[in-house]
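Below is protein_15.txt, holding compact mmCIF, C-alpha atoms and all ligand atoms.
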# COMPACT_ATOMS: atom_id res chain seq x y z
CA MET A 21 147.30 190.00 130.29
CA GLN A 22 150.35 189.39 128.11
CA ARG A 23 151.87 187.25 130.83
CA ALA A 24 148.69 185.22 131.30
CA TRP A 25 148.40 184.72 127.54
CA ALA A 26 151.99 183.50 127.39
CA ILE A 27 151.18 180.82 129.98
CA ARG A 28 147.92 179.85 128.28
CA ARG A 29 149.66 179.63 124.93
CA ARG A 30 152.17 177.14 126.30
CA VAL A 31 149.67 175.09 128.27
CA PHE A 32 146.51 175.07 126.16
CA ILE A 33 147.65 175.77 122.60
CA GLU A 34 151.06 174.06 122.54
CA GLU A 35 150.65 171.31 125.16
CA GLN A 36 146.97 170.47 124.79
CA ARG A 37 146.55 171.45 121.12
CA VAL A 38 143.51 173.66 121.74
CA PRO A 39 142.91 175.81 118.62
CA GLU A 40 144.06 179.40 119.16
CA GLU A 41 140.71 180.89 118.10
CA ILE A 42 138.95 178.93 120.87
CA GLU A 43 141.57 179.65 123.53
CA MET A 44 141.60 183.43 123.02
CA ASP A 45 137.92 184.28 123.50
CA ALA A 46 135.95 187.48 124.10
CA ASP A 47 135.60 186.89 127.87
CA ASP A 48 139.19 188.00 128.53
CA SER A 49 138.25 191.65 128.12
CA HIS A 50 135.81 191.66 131.05
CA ALA A 51 137.13 188.77 133.19
CA PHE A 52 138.87 189.12 136.54
CA HIS A 53 142.33 187.61 136.07
CA ALA A 54 144.74 186.04 138.55
CA LEU A 55 148.43 185.58 137.92
CA ALA A 56 150.84 183.51 140.06
CA ILE A 57 154.33 185.00 140.17
CA LEU A 58 157.46 183.30 141.48
CA ASP A 59 160.72 185.26 141.64
CA GLY A 60 159.30 187.77 139.17
CA ASN A 61 158.23 185.12 136.65
CA ALA A 62 154.59 184.39 135.83
CA ILE A 63 154.07 180.64 136.29
CA GLY A 64 150.30 180.21 136.54
CA CYS A 65 147.01 181.92 135.82
CA GLY A 66 143.24 181.70 136.03
CA ARG A 67 140.22 183.90 135.45
CA MET A 68 136.59 184.31 136.38
CA VAL A 69 133.61 185.95 134.70
CA GLU A 70 130.16 186.81 135.96
CA HIS A 71 127.68 184.14 134.99
CA GLY A 72 124.23 185.43 135.74
CA ARG A 73 123.57 187.51 138.83
CA ARG A 74 124.67 185.02 141.51
CA ASP A 75 127.34 182.89 139.84
CA VAL A 76 130.89 183.24 138.61
CA LYS A 77 132.47 180.97 136.08
CA ILE A 78 136.11 180.10 136.73
CA GLY A 79 138.29 179.06 133.82
CA ARG A 80 141.60 179.09 131.96
CA MET A 81 143.36 177.63 135.00
CA ALA A 82 146.90 176.85 133.92
CA VAL A 83 150.22 176.24 135.64
CA LEU A 84 153.43 175.79 133.64
CA ARG A 85 154.29 172.10 133.57
CA GLU A 86 157.54 172.41 135.53
CA PHE A 87 155.74 174.09 138.45
CA ARG A 88 152.77 171.71 138.77
CA LYS A 89 151.95 169.72 141.87
CA THR A 90 153.59 172.32 144.11
CA GLY A 91 150.41 174.09 145.25
CA VAL A 92 150.34 176.88 142.66
CA GLY A 93 147.04 175.84 141.08
CA ALA A 94 145.33 175.54 144.44
CA ALA A 95 146.62 178.99 145.45
CA ILE A 96 145.18 180.55 142.27
CA LEU A 97 141.85 178.79 142.69
CA ARG A 98 141.54 179.79 146.36
CA PHE A 99 142.35 183.38 145.45
CA LEU A 100 139.60 183.46 142.81
CA VAL A 101 137.07 181.77 145.11
CA ASP A 102 137.87 184.23 147.88
CA ARG A 103 137.46 187.22 145.56
CA ALA A 104 134.18 185.88 144.20
CA ARG A 105 132.84 185.40 147.74
CA ARG A 106 133.92 188.89 148.77
CA ARG A 107 132.22 190.36 145.71
CA GLY A 108 128.97 188.79 146.86
CA PHE A 109 128.61 185.90 144.45
CA HIS A 110 126.91 182.76 145.72
CA ARG A 111 128.29 180.00 143.57
CA ALA A 112 131.33 179.21 141.44
CA ILE A 113 130.94 176.98 138.42
CA LEU A 114 133.51 175.64 135.98
CA HIS A 115 134.00 173.18 133.17
CA ALA A 116 136.71 170.82 134.37
CA GLN A 117 138.79 168.71 132.07
CA LEU A 118 138.15 165.17 133.26
CA THR A 119 141.85 164.75 133.98
CA ALA A 120 141.71 167.75 136.35
CA GLU A 121 138.53 166.74 138.19
CA GLY A 122 140.48 165.44 141.21
CA PHE A 123 142.18 168.81 141.56
CA TYR A 124 138.85 170.65 141.80
CA LEU A 125 137.31 167.98 144.06
CA LYS A 126 140.05 168.69 146.60
CA GLU A 127 138.99 172.34 146.57
CA GLY A 128 135.36 171.57 147.38
CA PHE A 129 133.83 171.47 143.91
CA ILE A 130 131.36 168.72 143.05
CA ALA A 131 130.72 167.25 139.60
CA VAL A 132 127.29 167.87 138.10
CA GLY A 133 126.00 165.90 135.11
CA GLY A 134 127.86 163.92 132.50
CA ALA A 135 130.91 164.51 130.38
CA PHE A 136 130.83 166.68 127.26
CA ASP A 137 133.27 167.80 124.62
CA GLU A 138 134.79 171.28 124.64
CA ALA A 139 137.65 172.19 122.32
CA GLY A 140 138.15 168.49 121.62
CA ILE A 141 138.72 167.68 125.31
CA ALA A 142 136.31 165.82 127.63
CA HIS A 143 134.92 168.08 130.37
CA ARG A 144 132.41 167.94 133.19
CA ARG A 145 130.58 170.77 134.89
CA MET A 146 131.57 171.30 138.52
CA GLU A 147 130.27 173.76 141.09
CA ARG A 148 130.83 174.97 144.61
CA GLU A 149 128.73 177.13 146.91
CA LEU A 150 130.74 180.12 148.09
C1 LIG B 1 145.11 171.49 136.73
C2 LIG B 1 146.27 172.38 137.18
C3 LIG B 1 145.90 173.86 137.02
C4 LIG B 1 146.57 172.07 138.66
O1 LIG B 1 147.62 172.94 139.10
P1 LIG B 1 148.77 172.44 140.11
O2 LIG B 1 149.57 173.63 140.47
O3 LIG B 1 149.48 171.28 139.51
O4 LIG B 1 147.89 171.93 141.34
P2 LIG B 1 148.33 171.91 142.90
O5 LIG B 1 149.77 171.54 143.00
O6 LIG B 1 147.92 173.18 143.55
O7 LIG B 1 147.44 170.71 143.42
C5 LIG B 1 146.57 170.79 144.54
C6 LIG B 1 146.14 169.38 144.88
O8 LIG B 1 145.45 168.81 143.74
C7 LIG B 1 146.15 167.65 143.31
N1 LIG B 1 146.11 167.64 141.85
C8 LIG B 1 146.75 168.49 141.01
N2 LIG B 1 146.46 168.19 139.73
C9 LIG B 1 145.63 167.11 139.79
C10 LIG B 1 144.98 166.32 138.79
N3 LIG B 1 145.11 166.59 137.49
N4 LIG B 1 144.18 165.28 139.20
C11 LIG B 1 144.02 165.01 140.52
N5 LIG B 1 144.62 165.74 141.52
C12 LIG B 1 145.41 166.76 141.14
C13 LIG B 1 147.57 167.79 143.83
O9 LIG B 1 148.19 166.54 143.96
C14 LIG B 1 147.32 168.46 145.16
O10 LIG B 1 146.90 167.51 146.10
P3 LIG B 1 147.45 167.53 147.63
O11 LIG B 1 146.99 168.85 148.18
O12 LIG B 1 146.78 166.37 148.26
O13 LIG B 1 148.92 167.42 147.52
C15 LIG B 1 147.56 172.07 136.37
O14 LIG B 1 147.82 170.67 136.45
C16 LIG B 1 147.51 172.46 134.91
O15 LIG B 1 147.81 173.59 134.54
N6 LIG B 1 147.13 171.51 134.03
C17 LIG B 1 147.10 171.75 132.59
C18 LIG B 1 145.98 172.68 132.21
C19 LIG B 1 144.65 172.17 132.68
O16 LIG B 1 144.31 171.01 132.50
N7 LIG B 1 143.88 173.09 133.30
C20 LIG B 1 142.59 172.76 133.86
C21 LIG B 1 141.55 173.03 132.87
S1 LIG B 1 139.96 172.57 133.52

Can the structure in the file be given as structure tokens, please?
Amino acid sequence: MQRAWAIRRRVFIEEQRVPEEIEMDADDSHAFHALAILDGNAIGCGRMVEHGRRDVKIGRMAVLREFRKTGVGAAILRFLVDRARRRGFHRAILHAQLTAEGFYLKEGFIAVGGAFDEAGIAHRRMEREL
């Protein structure tokens, strides 16, 4: 958890200026967390929480800037999707930053509804059947 928080601090709080009290929420205590490690160093993370009986909500996807666009984010997302499917969930949902929508589209998610504000950043709901 400490290693995931260190990544999220750099990406969300320092880079994207998300307030710390929003970034560090209560879901961390019961979420399933994924950590990407390269040569012993944590470089990316993501998490998922149960969202009703059939759905999981994926979130806090972050890859350190210097390691982006090398497949790390996709590897984390595929890992979470695979785990959710194996645990018997039917659908994954997420709130995508509009600037990251293309990333999730490539992984089979579709946008649902219009844009909305979350932590001062424009988002859109996306979902994917598992
Ligand atoms: C969004 C994020 C997690 C993606 O991680 P990444 O490791 O850079 O993504 P990958 O390298 O695995 O990219 C997989 C594919 O998506 C594409 N992609 C990556 N980021 C993209 C973006 N923002 N928009 C459109 N396409 C994108 C890549 O080009 C790649 O395409 P390819 O397979 O055709 O080459 C990362 O950019 C990040 O941490 N951003 C800052 C935090 C953030 O915005 N998180 C998302 C919150 S919803």

Notebook entry, point to check: Looking at all atoms listed in the file, which of A:Ile113, A:Met68, A:Ala56, A:Leu118 is the one that sits closest to A:Ala94?
Noted result: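 The answer is A:Ala56, which sits nearest to A:Ala94.
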
Next item on the list: Would you list the contacts of A:Ile27 as a VMD selection string, taking every protein, DNA or RNA residue within 10 Å and counting only C-alpha atoms, but skipping same-chain residues closer than 2 positions in sequence?
Entry: chain A and resid 21 to 25 29 to 33 55 62 to 65 80 to 85

Next item on the list: Taking all atoms listed in the file into account, report as a PyMOL selection string which residues have an atom no farther than 9 Å from an atom of ligand LIG 1 (chain B).
Entry: chain A and resi 28+31-32+35-36+64-66+79-85+87-97+114-127+143-144

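As for atom CA of A:Glu147 and atom CA of A:Phe129, they are spaced 5.1 Å apart.
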
Six-sided padding of 8 Å per side, axis-aligned box over stretch 60-72 of chain A, centre and edges in Å, one decimal, as AutoDock Vina command-line options:
--center_x 141.8 --center_y 184.0 --center_z 136.9 --size_x 51.1 --size_y 23.6 --size_z 20.5

Note to self: Between A:His71, A:Arg37, A:Arg145, A:Arg107, which residue has the minimum interatomic distance to A:Ala131, considering all atoms listed in the file?
What the structure shows: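 Of A:His71, A:Arg37, A:Arg145, A:Arg107, the one nearest A:Ala131 is A:Arg145, counting all atoms listed in the file.
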
Next item on the list: Go through A:Val69, A:Ala26, A:Arg74, A:Glu34 one by one, measure the shortest atom-to-atom distance of each to A:Ala46 using only C-alpha atoms, and give the residue with the smallest value.
Entry: A:Val69

Check: What does the distance from atom CA of A:Glu70 to atom CA of A:His110 come to in Å, to one decimal?
Finding: 11.1 Å

Check: In Å, with one decimal, what is the gap from atom CA of A:Leu58 to atom CA of A:Glu86?
Finding: 12.4 Å

Item checked: Among listed residues A:Arg73, A:Val38, A:Glu138, A:Leu100, nearest A:Ala51 (using only C-alpha atoms) ->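 Looking only at the distances to A:Ala51, the closest residue turns out to be A:Leu100.
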
Margin query: At a cut-off of 6 Å, using only C-alpha atoms, what residues contact A:Arg67? Leave out same-chain residues fewer than 2 positions from it and give the result as a list in words.
Written below: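 Within the cut-off, the hits are Phe52, His53, Ala54, Ile78 and Gly79 of chain A.
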